[in-house]
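Structure file target38.cif; described as mmCIF, C-alpha atoms and all ligand atoms.
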```
data_final
#
loop_
_atom_site.label_atom_id
_atom_site.label_comp_id
_atom_site.auth_asym_id
_atom_site.auth_seq_id
_atom_site.Cartn_x
_atom_site.Cartn_y
_atom_site.Cartn_z
CA GLY L 1 40.81 91.92 131.92
CA ALA L 2 38.41 94.84 131.49
CA PRO L 3 38.29 96.35 128.01
CA ALA L 4 40.63 99.32 127.65
CA ALA L 5 38.89 102.70 127.87
CA GLU L 6 38.38 104.45 124.55
CA VAL L 7 41.15 106.89 123.65
CA SER L 8 39.85 110.42 122.96
CA GLN L 9 40.70 112.20 119.71
CA TYR L 10 41.48 115.28 121.87
CA ALA L 11 44.85 115.49 123.64
CA CYS L 12 43.18 117.50 126.43
CA GLN L 13 41.17 114.35 127.31
CA ARG L 14 44.23 112.08 127.42
CA ARG L 15 46.64 112.01 130.36
CA THR L 16 50.08 112.04 128.78
CA THR L 17 53.16 111.86 131.02
CA THR L 18 56.80 112.10 129.93
CA ASP L 19 56.95 108.26 129.85
CA ASN L 20 56.63 107.48 126.17
CA TYR L 21 56.49 103.71 125.53
CA ASN L 22 56.15 104.20 121.78
CA VAL L 23 59.16 106.35 121.09
CA VAL L 24 60.25 104.24 118.07
CA PHE L 25 56.95 105.09 116.37
CA THR L 26 56.61 108.68 117.57
CA ASP L 27 60.20 109.55 116.53
CA ALA L 28 59.40 108.20 113.06
CA PHE L 29 56.18 110.26 112.90
CA GLU L 30 58.04 113.42 114.05
CA VAL L 31 60.51 113.02 111.18
CA LEU L 32 57.69 112.76 108.65
CA ALA L 33 55.81 115.68 110.25
CA GLU L 34 58.93 117.83 110.05
CA CYS L 35 59.49 116.86 106.43
CA TYR L 36 55.90 117.84 105.57
CA GLU L 37 56.42 121.08 107.48
CA PHE L 38 59.48 121.89 105.34
CA ASN L 39 57.35 121.20 102.26
CA GLN L 40 54.50 123.35 103.62
CA MET L 41 52.08 120.43 103.61
CA ASP L 42 50.39 121.55 106.81
CA GLY L 43 47.55 119.01 106.77
CA ARG L 44 49.84 116.00 106.57
CA CYS L 45 52.23 117.55 109.08
CA LEU L 46 49.44 118.00 111.63
CA ALA L 47 48.09 114.49 110.93
CA PHE L 48 51.44 112.92 111.90
CA ARG L 49 51.82 115.20 114.94
CA ARG L 50 48.34 114.09 116.08
CA ALA L 51 49.17 110.43 115.44
CA ALA L 52 52.39 110.76 117.48
CA SER L 53 50.47 112.45 120.29
CA VAL L 54 47.95 109.60 120.51
CA LEU L 55 50.73 107.00 120.81
CA LYS L 56 52.49 109.06 123.52
CA SER L 57 49.41 108.70 125.74
CA LEU L 58 49.34 104.89 125.67
CA PRO L 59 50.25 103.00 128.87
CA ARG L 60 52.40 100.49 126.96
CA GLY L 61 54.20 99.97 123.69
CA LEU L 62 52.30 98.74 120.64
CA SER L 63 53.12 95.11 119.87
CA SER L 64 50.74 94.44 116.98
CA LEU L 65 48.95 96.35 114.25
CA GLU L 66 45.58 95.10 115.58
CA GLU L 67 46.06 97.30 118.65
CA THR L 68 45.84 100.40 116.45
CA HIS L 69 42.32 99.61 115.21
CA SER L 70 40.60 101.20 118.21
CA LEU L 71 42.86 104.28 118.23
CA PRO L 72 41.81 107.69 116.83
CA CYS L 73 43.86 109.95 114.51
CA LEU L 74 45.81 107.15 112.82
CA GLY L 75 45.50 107.25 109.04
CA GLY L 76 46.50 104.63 106.49
CA HIS L 77 50.01 106.01 106.08
CA ALA L 78 50.62 106.12 109.84
CA LYS L 79 49.39 102.55 110.25
CA ALA L 80 51.60 101.37 107.39
CA ILE L 81 54.62 102.96 109.11
CA ILE L 82 53.71 101.26 112.39
CA GLY L 83 53.36 97.92 110.59
CA GLU L 84 56.74 98.29 108.91
CA ILE L 85 58.51 99.24 112.15
CA LEU L 86 56.88 96.31 113.99
CA GLN L 87 58.06 93.95 111.28
CA HIS L 88 61.46 95.34 110.28
CA GLY L 89 62.42 97.77 113.03
CA ARG L 90 62.38 100.67 110.56
CA ALA L 91 60.23 102.25 107.87
CA PHE L 92 61.25 102.96 104.27
CA ASP L 93 59.65 106.43 104.02
CA VAL L 94 61.32 107.57 107.23
CA GLU L 95 64.76 106.27 106.17
CA LYS L 96 64.32 108.05 102.84
CA VAL L 97 63.62 111.39 104.56
CA LEU L 98 66.51 110.97 107.00
CA SER L 99 68.98 110.41 104.16
CA ASP L 100 67.57 113.22 102.03
CA GLU L 101 70.02 116.08 101.53
CA ARG L 102 67.33 118.75 101.48
CA TYR L 103 65.79 117.51 104.75
CA GLN L 104 69.19 117.28 106.44
CA THR L 105 70.18 120.76 105.30
CA LEU L 106 66.88 122.43 106.27
CA LYS L 107 67.07 120.69 109.65
CA LEU L 108 70.62 122.02 110.15
CA PHE L 109 69.75 125.58 109.07
CA THR L 110 66.59 125.79 111.21
CA SER L 111 68.63 124.63 114.22
CA VAL L 112 70.10 128.16 114.25
CA TYR L 113 68.12 130.50 116.51
CA GLY L 114 66.27 133.01 114.32
CA VAL L 115 66.27 130.86 111.18
CA GLY L 116 62.83 129.61 110.14
CA PRO L 117 61.83 127.24 107.33
CA LYS L 118 61.53 130.09 104.78
CA THR L 119 65.05 131.43 105.28
CA ALA L 120 66.46 127.89 105.40
CA GLU L 121 64.73 127.11 102.10
CA LYS L 122 66.11 130.27 100.49
CA TRP L 123 69.66 129.39 101.55
CA TYR L 124 69.24 125.79 100.39
CA ARG L 125 68.00 126.94 96.98
CA SER L 126 71.00 129.22 96.54
CA GLY L 127 73.22 126.16 96.93
CA LEU L 128 74.35 126.55 100.55
CA ARG L 129 74.76 123.27 102.47
CA SER L 130 76.62 123.99 105.71
CA LEU L 131 76.72 126.61 108.47
CA ASP L 132 80.28 127.49 107.41
CA HIS L 133 78.99 128.17 103.88
CA ILE L 134 76.49 130.65 105.30
CA LEU L 135 79.01 132.44 107.50
CA ALA L 136 81.45 132.68 104.58
CA ASP L 137 78.87 134.04 102.12
CA GLN L 138 79.31 137.81 101.86
CA SER L 139 75.96 138.29 100.12
CA ILE L 140 73.96 137.03 103.12
CA GLN L 141 72.66 139.68 105.51
CA LEU L 142 72.00 138.04 108.88
CA ASN L 143 69.58 139.88 111.15
CA HIS L 144 70.41 140.58 114.81
CA MET L 145 68.65 137.43 116.04
CA GLN L 146 70.46 135.20 113.52
CA GLN L 147 73.83 136.84 114.30
CA ASN L 148 73.32 135.88 117.93
CA GLY L 149 72.07 132.45 116.91
CA PHE L 150 75.41 131.81 115.19
CA LEU L 151 77.45 133.50 117.91
CA HIS L 152 75.99 131.24 120.64
CA TYR L 153 75.27 128.23 118.41
CA GLY L 154 77.19 125.65 120.47
CA ASP L 155 75.61 126.64 123.78
CA ILE L 156 72.07 127.15 122.48
CA SER L 157 71.90 123.92 120.51
CA ARG L 158 72.80 121.97 123.64
CA ALA L 159 69.84 120.95 125.83
CA VAL L 160 69.06 122.91 129.00
CA SER L 161 68.90 120.72 132.11
CA LYS L 162 66.29 120.98 134.85
CA ALA L 163 68.99 122.15 137.28
CA GLU L 164 69.96 124.94 134.86
CA ALA L 165 66.29 125.92 134.42
CA ARG L 166 65.85 126.02 138.20
CA ALA L 167 68.96 128.21 138.63
CA LEU L 168 67.65 130.67 136.02
CA THR L 169 64.18 130.69 137.59
CA LYS L 170 65.77 131.56 140.93
CA ALA L 171 67.80 134.39 139.35
CA ILE L 172 64.76 135.83 137.53
CA GLY L 173 62.62 135.35 140.66
CA GLU L 174 65.06 137.36 142.76
CA THR L 175 65.23 140.06 140.10
CA VAL L 176 61.40 140.30 139.99
CA GLN L 177 61.13 140.29 143.80
CA ALA L 178 63.60 143.16 144.10
CA ILE L 179 61.34 145.27 141.85
CA THR L 180 57.89 144.11 142.99
CA PRO L 181 57.39 142.19 146.25
CA ASP L 182 53.77 141.50 145.12
CA ALA L 183 54.61 139.25 142.19
CA LEU L 184 53.46 135.92 140.77
CA LEU L 185 56.07 133.84 138.96
CA ALA L 186 56.28 130.34 137.52
CA LEU L 187 58.60 128.22 135.43
CA THR L 188 56.39 127.09 132.51
CA GLY L 189 56.93 125.21 129.23
CA GLY L 190 58.34 121.71 129.20
CA PHE L 191 60.00 121.98 132.62
CA ARG L 192 56.63 122.64 134.28
CA ARG L 193 55.43 119.44 132.59
CA GLY L 194 58.22 117.51 134.31
CA LYS L 195 60.68 117.27 131.43
CA GLU L 196 64.34 116.74 132.40
CA PHE L 197 65.67 118.73 129.42
CA GLY L 198 64.40 121.53 127.18
CA HIS L 199 65.55 123.78 124.36
CA ASP L 200 64.88 126.94 126.38
CA VAL L 201 63.57 128.21 129.73
CA ASP L 202 60.05 129.68 129.71
CA ILE L 203 59.12 131.90 132.66
CA ILE L 204 55.87 133.76 133.30
CA PHE L 205 55.46 136.49 135.89
CA THR L 206 53.26 139.43 136.73
CA THR L 207 52.51 141.97 139.41
CA LEU L 208 49.27 141.96 141.42
CA GLU L 209 48.94 145.63 140.42
CA LEU L 210 46.91 145.45 137.19
CA GLY L 211 48.39 147.57 134.41
CA MET L 212 51.92 147.56 135.81
CA GLU L 213 52.98 144.24 134.22
CA GLU L 214 54.67 145.77 131.20
CA ASN L 215 56.70 148.15 133.38
CA LEU L 216 57.73 145.19 135.51
CA LEU L 217 59.07 143.32 132.48
CA LEU L 218 60.99 146.39 131.28
CA ALA L 219 62.48 146.86 134.75
CA VAL L 220 63.51 143.18 134.85
CA ILE L 221 65.30 143.51 131.50
CA LYS L 222 67.09 146.65 132.70
CA SER L 223 68.19 144.83 135.84
CA LEU L 224 69.47 141.78 133.89
CA GLU L 225 71.49 144.16 131.74
CA LYS L 226 72.94 145.82 134.85
CA GLN L 227 73.80 142.39 136.29
CA GLY L 228 75.85 141.79 133.14
CA ILE L 229 74.01 138.60 132.15
CA LEU L 230 71.92 139.89 129.21
CA LEU L 231 73.60 138.61 126.03
CA TYR L 232 70.66 139.23 123.68
CA CYS L 233 67.19 140.74 124.04
CA ASP L 234 64.27 140.85 121.61
CA TYR L 235 61.57 142.80 123.47
CA GLN L 236 57.99 142.69 122.18
CA ALA L 237 55.70 145.34 123.66
CA SER L 238 52.15 144.38 124.55
CA THR L 239 49.57 144.62 121.77
CA PHE L 240 46.88 143.22 124.04
CA ASP L 241 43.35 144.47 123.34
CA LEU L 242 40.90 143.24 125.95
CA THR L 243 37.88 143.77 123.71
CA LYS L 244 39.13 141.35 121.02
CA LEU L 245 37.73 137.85 120.73
CA PRO L 246 40.11 134.90 121.13
CA THR L 247 41.91 134.25 117.87
CA HIS L 248 40.88 131.47 115.51
CA SER L 249 44.46 130.70 114.60
CA PHE L 250 46.13 128.11 116.85
CA GLU L 251 49.68 129.13 116.20
CA ALA L 252 49.39 132.89 116.51
CA MET L 253 51.67 134.42 119.08
CA ASP L 254 49.86 135.99 122.03
CA HIS L 255 49.73 139.76 122.54
CA PHE L 256 51.26 140.02 126.02
CA ALA L 257 54.46 141.92 126.75
CA LYS L 258 57.26 139.40 126.35
CA CYS L 259 60.92 139.06 125.51
CA PHE L 260 63.13 136.45 123.91
CA LEU L 261 66.51 136.46 125.59
CA ILE L 262 69.88 134.83 125.62
CA LEU L 263 71.21 134.90 129.18
CA ARG L 264 74.58 134.09 130.66
CA LEU L 265 74.36 131.36 133.30
CA GLU L 266 77.33 130.91 135.65
CA ALA L 267 78.39 127.37 136.57
CA SER L 268 78.46 128.47 140.22
CA GLN L 269 74.69 129.14 140.06
CA VAL L 270 73.90 125.52 139.16
CA GLU L 271 74.11 122.88 141.88
CA GLU L 272 74.71 119.95 139.53
CA GLY L 273 77.08 121.91 137.28
CA LEU L 274 76.43 122.92 133.69
CA ASN L 275 75.11 120.42 131.16
CA SER L 276 78.50 120.14 129.41
CA PRO L 277 82.02 119.56 130.75
CA VAL L 278 83.42 122.09 128.26
CA GLU L 279 81.13 124.86 129.46
CA ASP L 280 81.78 123.91 133.06
CA ILE L 281 85.52 124.53 132.55
CA ARG L 282 84.79 127.87 130.87
CA GLY L 283 82.61 128.65 133.87
CA TRP L 284 79.40 129.71 132.10
CA ARG L 285 77.03 128.95 129.26
CA ALA L 286 74.46 130.84 127.20
CA VAL L 287 70.78 129.83 127.56
CA ARG L 288 67.68 130.82 125.61
CA VAL L 289 65.08 132.28 127.97
CA ASP L 290 61.55 133.50 127.17
CA LEU L 291 59.82 135.83 129.63
CA VAL L 292 56.12 136.74 129.40
CA SER L 293 54.28 139.22 131.61
CA PRO L 294 50.48 139.14 131.22
CA PRO L 295 47.98 141.32 133.15
CA VAL L 296 47.21 139.57 136.45
CA ASP L 297 43.56 138.92 135.51
CA ARG L 298 44.79 136.90 132.48
CA TYR L 299 47.54 135.08 134.34
CA ALA L 300 45.72 131.71 134.44
CA PHE L 301 45.08 131.76 130.66
CA ALA L 302 48.68 132.72 129.91
CA LEU L 303 50.02 130.08 132.32
CA LEU L 304 47.85 127.39 130.70
CA GLY L 305 48.93 128.54 127.23
CA TRP L 306 52.66 128.69 127.99
CA THR L 307 52.75 125.35 129.79
CA GLY L 308 51.97 123.43 126.59
CA SER L 309 52.58 121.03 125.10
CA ARG L 310 51.82 122.57 121.74
CA GLN L 311 49.67 119.59 120.81
CA PHE L 312 47.82 119.84 124.15
CA GLU L 313 47.14 123.55 123.49
CA ARG L 314 45.97 122.92 119.92
CA ASP L 315 43.48 120.35 121.12
CA LEU L 316 42.24 122.45 124.07
CA ARG L 317 41.32 125.14 121.54
CA ARG L 318 39.87 122.68 119.05
CA PHE L 319 37.83 121.01 121.82
CA ALA L 320 36.53 124.40 123.03
CA ARG L 321 35.48 125.40 119.53
CA LYS L 322 34.04 122.12 118.25
CA GLU L 323 32.53 120.64 121.42
CA ARG L 324 31.59 123.74 123.45
CA ARG L 325 31.13 126.62 120.98
CA MET L 326 33.78 128.52 122.93
CA LEU L 327 36.92 130.34 121.81
CA LEU L 328 40.08 129.84 123.86
CA ASP L 329 43.53 131.35 123.51
CA ASN L 330 46.32 132.61 125.81
CA HIS L 331 44.27 135.73 126.66
CA GLY L 332 40.87 134.40 127.55
CA LEU L 333 37.83 132.21 126.98
CA TYR L 334 34.73 133.40 125.14
CA ASP L 335 31.38 131.59 125.22
CA LYS L 336 29.73 132.11 121.81
CA THR L 337 26.35 130.86 123.05
CA LYS L 338 26.21 133.22 126.04
CA GLU L 339 28.13 135.88 124.10
CA GLU L 340 30.39 136.62 127.06
CA PHE L 341 33.93 136.18 128.34
CA LEU L 342 34.42 133.66 131.14
CA ALA L 343 36.81 134.76 133.89
CA ALA L 344 39.36 132.41 135.49
CA GLY L 345 41.67 132.81 138.46
CA THR L 346 43.26 129.39 138.10
CA GLU L 347 43.90 126.83 135.36
CA LYS L 348 41.31 124.62 137.09
CA ASP L 349 38.66 127.32 136.48
CA ILE L 350 39.37 127.08 132.73
CA PHE L 351 39.05 123.28 132.68
CA ASP L 352 35.79 123.67 134.67
CA HIS L 353 34.38 126.20 132.18
CA LEU L 354 35.21 123.76 129.38
CA GLY L 355 33.65 120.82 131.23
CA LEU L 356 36.97 118.97 131.15
CA GLU L 357 38.54 116.90 133.91
CA TYR L 358 41.52 118.77 135.33
CA MET L 359 44.90 117.69 133.97
CA GLU L 360 48.04 118.33 136.01
CA PRO L 361 50.91 119.95 134.07
CA TRP L 362 52.83 116.65 134.08
CA GLN L 363 49.85 115.02 132.34
CA ARG L 364 49.95 117.50 129.45
CA ASN L 365 52.91 116.03 127.54
CA ALA L 366 50.75 115.31 124.50
N1 LIG L 401 53.86 128.96 123.22
C1 LIG L 401 52.83 129.75 122.80
N2 LIG L 401 53.00 130.55 121.73
C2 LIG L 401 54.18 130.55 121.08
C3 LIG L 401 55.25 129.77 121.52
C4 LIG L 401 55.05 128.97 122.60
O1 LIG L 401 51.76 129.74 123.38
N3 LIG L 401 54.33 131.32 120.00
C5 LIG L 401 53.64 128.11 124.37
C6 LIG L 401 53.35 126.68 124.03
C7 LIG L 401 54.58 125.95 124.46
C8 LIG L 401 55.18 126.85 125.50
O2 LIG L 401 54.78 128.15 125.17
O3 LIG L 401 54.31 124.69 124.99
C9 LIG L 401 56.63 126.77 125.52
O4 LIG L 401 57.17 126.79 124.21
P1 LIG L 401 58.45 125.96 123.85
O5 LIG L 401 58.66 126.08 122.39
O6 LIG L 401 59.58 126.37 124.73
O7 LIG L 401 57.98 124.46 124.14
P2 LIG L 401 58.35 123.49 125.33
O8 LIG L 401 58.82 124.25 126.50
O9 LIG L 401 57.16 122.64 125.49
O10 LIG L 401 59.51 122.62 124.70
P3 LIG L 401 61.08 122.67 124.98
O11 LIG L 401 61.30 121.68 126.07
O12 LIG L 401 61.71 122.25 123.70
O13 LIG L 401 61.47 124.06 125.37
MG MG L 402 60.47 125.60 126.42
#
```
Let me see the file written as structure tokens.
Amino acid sequence: GAPAAEVSQYACQRRTTTDNYNVVFTDAFEVLAECYEFNQMDGRCLAFRRAASVLKSLPRGLSSLEETHSLPCLGGHAKAIIGEILQHGRAFDVEKVLSDERYQTLKLFTSVYGVGPKTAEKWYRSGLRSLDHILADQSIQLNHMQQNGFLHYGDISRAVSKAEARALTKAIGETVQAITPDALLALTGGFRRGKEFGHDVDIIFTTLELGMEENLLLAVIKSLEKQGILLYCDYQASTFDLTKLPTHSFEAMDHFAKCFLILRLEASQVEEGLNSPVEDIRGWRAVRVDLVSPPVDRYAFALLGWTGSRQFERDLRRFARKERRMLLDNHGLYDKTKEEFLAAGTEKDIFDHLGLEYMEPWQRNA
């Protein structure tokens, strides 16, 4: 047949659906990436995340090491892992990490909402090994977020189904509508990319009335509280400065008004029932929900940024910077050559400015 097209080093030039034919390899790479993350070896961590992302975009599973020769972003270590898995079905380095007590413990601790790698490391170093140890330790001061992470641990650590995400989107949509009939709203994150399950529900909305978006978000929170479904709320006021250039840091949080919530979802709201028989009997479950409310003229940038995947976003920014001398983030796009901001009303406008073929959300699962 015809020679396979060259695979781009940039995720934003690869169409990546949720069908991953190389999950045995990408799962192995994710374990190593996470281990490097725990050890603050950011370069190696990113290298394995990139390698995993490349394999996710392939139309079929790898069946020989030769097939990796034409692929970008695969280093010697990654290729060795692939070779081992092809030959033995598993890789020594990955098995070693999986059976490592430190890795297992840090993974467990960071599975609690509000606990990052630094806190997990601190607890590990003081000899703690289980969640019960932490709850029993009188010397540990949990912050509000962590207290709620433990309180709702069972519910939050269970995946959110698409049906549950849809039910919450409907509830938030109705709440927004009741406040502002002129509103834009979308379910973003993994569900917008077509995923069946997620760890949270990400929703973006705004009002067509520029400058009123922060008030809208505050009114929505007040309404959720009145409806009796607000279990936890971490509100972050806008720090958006429209004169600032897009940030150079990939991972920096954007400056829009947003909130990180835990909401109560009733079984009766979900057509297919809750994603757990136990919760279904109880009649409700807790779900992590993120809401973001950007100014309407930045809606397209925020929507693109919050749709992900993280790897897709990283490479959009890297592509803009390296290939186009442009700076992109969740707030805007700046052309360094023309020394001006480029406006966009839709995601397509942003791809056009970057000279990239448009990718549908379901093709952004890099
Ligand atoms: N995002 C962002 N800045 C952050 C956090 C997230 O721009 N500080 C964006 C990129 C993510 C999207 O928001 O793709 C949603 O974040 P999630 O962590 O919820 O990622 P997903 O929705 O893709 O995964 P999951 O299915 O696990 O929820
Ligand atoms: Mg999400």
Write out as an MDAnalysis selection string which residues come within 10 Å of Gly305 in chain L when counting all atoms listed in the file, dropping same-chain ones fewer than 2 positions away. chainID L and resid 188:189 254 299:303 307:310 312:314 316 328:332 347
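Residues in contact range of Glu340 in chain L, defined as at most 12 Å between only C-alpha atoms, with sequence neighbours fewer than 5 positions away removed, read Thr243, Lys244, Leu245, Pro246, Arg325, Met326, Leu327, Gly332, Leu333, Tyr334 and Asp335 of chain L.
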Report, in Å with one decimal, the straight-line distance from CA of Glu66 in chain L to CA of Tyr21 in chain L. 17.1 Å
Go through chain L residue by residue and, counting all atoms listed in the file, keep those with an atom at most 9 Å from ligand MG 402 (chain L); for each kept residue give the shortest atom pair and its distance in Å to one decimal, ordered by chain and increasing number, as CSV.
```
residue,atom,partner,partner_atom,distance
L:Thr188,CA,L:MG402,MG,7.5
L:Gly189,CA,L:MG402,MG,4.5
L:Gly190,CA,L:MG402,MG,5.2
L:Phe191,CA,L:MG402,MG,7.2
L:Gly198,CA,L:MG402,MG,5.7
L:His199,CA,L:MG402,MG,5.8
L:Asp200,CA,L:MG402,MG,4.6
L:Val201,CA,L:MG402,MG,5.2
L:Asp202,CA,L:MG402,MG,5.3
L:Ile203,CA,L:MG402,MG,9.0
L:Arg288,CA,L:MG402,MG,8.9
L:Val289,CA,L:MG402,MG,8.3
L:Asp290,CA,L:MG402,MG,8.0
L:Trp306,CA,L:MG402,MG,8.5
L:Thr307,CA,L:MG402,MG,8.4
L:Gly308,CA,L:MG402,MG,8.8
```
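With distances restricted to all atoms listed in the file, L:Leu291 is the closest residue to ligand LIG 401 (chain L) from L:Leu210, L:Leu291, L:Leu354, L:Ala178.
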Length of the CA of Leu98 in chain L to atom C8 of ligand LIG 401 (chain L) vector [Å]: 26.9 Å
Which polymer residues, whether protein, DNA or RNA, lie within 12 Å of the coordinate (75.0, 137.7, 118.5) when you count only C-alpha atoms? List them as a list in words, using the chain letters and numbers from the file.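 Output: Val112, Tyr113, Gly114, Leu142, Asn143, His144, Met145, Gln146, Gln147, Asn148, Gly149, Phe150, Leu151, His152, Tyr153, Ile156, Leu230, Leu231, Tyr232, Cys233, Asp234, Leu261, Ile262, Leu263 and Ala286 of chain L.
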Neighbours of Ala366 in chain L within 12 Å (only C-alpha atoms; same-chain residues fewer than 4 positions away dropped), as a PDB file with C-alpha atoms, keeping the file's coordinate frame?
```pdb
ATOM      1  CA  GLN L   9      40.700 112.200 119.710  1.00  0.00           C
ATOM      2  CA  TYR L  10      41.480 115.280 121.870  1.00  0.00           C
ATOM      3  CA  ALA L  11      44.850 115.490 123.640  1.00  0.00           C
ATOM      4  CA  CYS L  12      43.180 117.500 126.430  1.00  0.00           C
ATOM      5  CA  GLN L  13      41.170 114.350 127.310  1.00  0.00           C
ATOM      6  CA  ARG L  14      44.230 112.080 127.420  1.00  0.00           C
ATOM      7  CA  ARG L  15      46.640 112.010 130.360  1.00  0.00           C
ATOM      8  CA  THR L  16      50.080 112.040 128.780  1.00  0.00           C
ATOM      9  CA  THR L  17      53.160 111.860 131.020  1.00  0.00           C
ATOM     10  CA  THR L  18      56.800 112.100 129.930  1.00  0.00           C
ATOM     11  CA  ASP L  19      56.950 108.260 129.850  1.00  0.00           C
ATOM     12  CA  ASN L  20      56.630 107.480 126.170  1.00  0.00           C
ATOM     13  CA  THR L  26      56.610 108.680 117.570  1.00  0.00           C
ATOM     14  CA  ARG L  49      51.820 115.200 114.940  1.00  0.00           C
ATOM     15  CA  ARG L  50      48.340 114.090 116.080  1.00  0.00           C
ATOM     16  CA  ALA L  51      49.170 110.430 115.440  1.00  0.00           C
ATOM     17  CA  ALA L  52      52.390 110.760 117.480  1.00  0.00           C
ATOM     18  CA  SER L  53      50.470 112.450 120.290  1.00  0.00           C
ATOM     19  CA  VAL L  54      47.950 109.600 120.510  1.00  0.00           C
ATOM     20  CA  LEU L  55      50.730 107.000 120.810  1.00  0.00           C
ATOM     21  CA  LYS L  56      52.490 109.060 123.520  1.00  0.00           C
ATOM     22  CA  SER L  57      49.410 108.700 125.740  1.00  0.00           C
ATOM     23  CA  LEU L  58      49.340 104.890 125.670  1.00  0.00           C
ATOM     24  CA  GLY L 190      58.340 121.710 129.200  1.00  0.00           C
ATOM     25  CA  ARG L 193      55.430 119.440 132.590  1.00  0.00           C
ATOM     26  CA  THR L 307      52.750 125.350 129.790  1.00  0.00           C
ATOM     27  CA  GLY L 308      51.970 123.430 126.590  1.00  0.00           C
ATOM     28  CA  SER L 309      52.580 121.030 125.100  1.00  0.00           C
ATOM     29  CA  ARG L 310      51.820 122.570 121.740  1.00  0.00           C
ATOM     30  CA  GLN L 311      49.670 119.590 120.810  1.00  0.00           C
ATOM     31  CA  PHE L 312      47.820 119.840 124.150  1.00  0.00           C
ATOM     32  CA  GLU L 313      47.140 123.550 123.490  1.00  0.00           C
ATOM     33  CA  ARG L 314      45.970 122.920 119.920  1.00  0.00           C
ATOM     34  CA  ASP L 315      43.480 120.350 121.120  1.00  0.00           C
ATOM     35  CA  LEU L 316      42.240 122.450 124.070  1.00  0.00           C
ATOM     36  CA  MET L 359      44.900 117.690 133.970  1.00  0.00           C
ATOM     37  CA  PRO L 361      50.910 119.950 134.070  1.00  0.00           C
ATOM     38  CA  TRP L 362      52.830 116.650 134.080  1.00  0.00           C
TER      39      TRP L 362
END
```
What is the distance between CA of Ala183 in chain L and CA of Ala171 in chain L, in Å to one decimal?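 Atom-to-atom, CA of Ala183 in chain L to CA of Ala171 in chain L, that is 14.3 Å.
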Neighbours of point (39.9, 134.6, 132.2) within 6 Å, using all atoms listed in the file, written as number ranges by chain: L: 298, 332, 342-344
L:Ala78, L:Ala219, L:Leu71, L:Val270 ranked by distance to Ala163 in chain L, top pick (using only C-alpha atoms): L:Val270
Write out as a PyMOL selection string which residues come within 8 Å of Glu34 in chain L when counting only C-alpha atoms, dropping same-chain ones fewer than 4 positions away. chain L and resi 30+38+45
Grab all the atoms of range 92-101 of chain L that the file lists, wrap them in a box along x, y and z, add 8 Å per side, and give me centre plus edge lengths in Å (one decimal) as JSON.
```
{"center_x": 64.8, "center_y": 109.5, "center_z": 104.4, "size_x": 26.4, "size_y": 29.1, "size_z": 21.7}
```
In terms of the shortest atom-to-atom distance over all atoms listed in the file, which of L:Gln40, L:Asn215, L:Ser111, L:Ser139 is closest to ligand LIG 401 (chain L)? L:Ser111
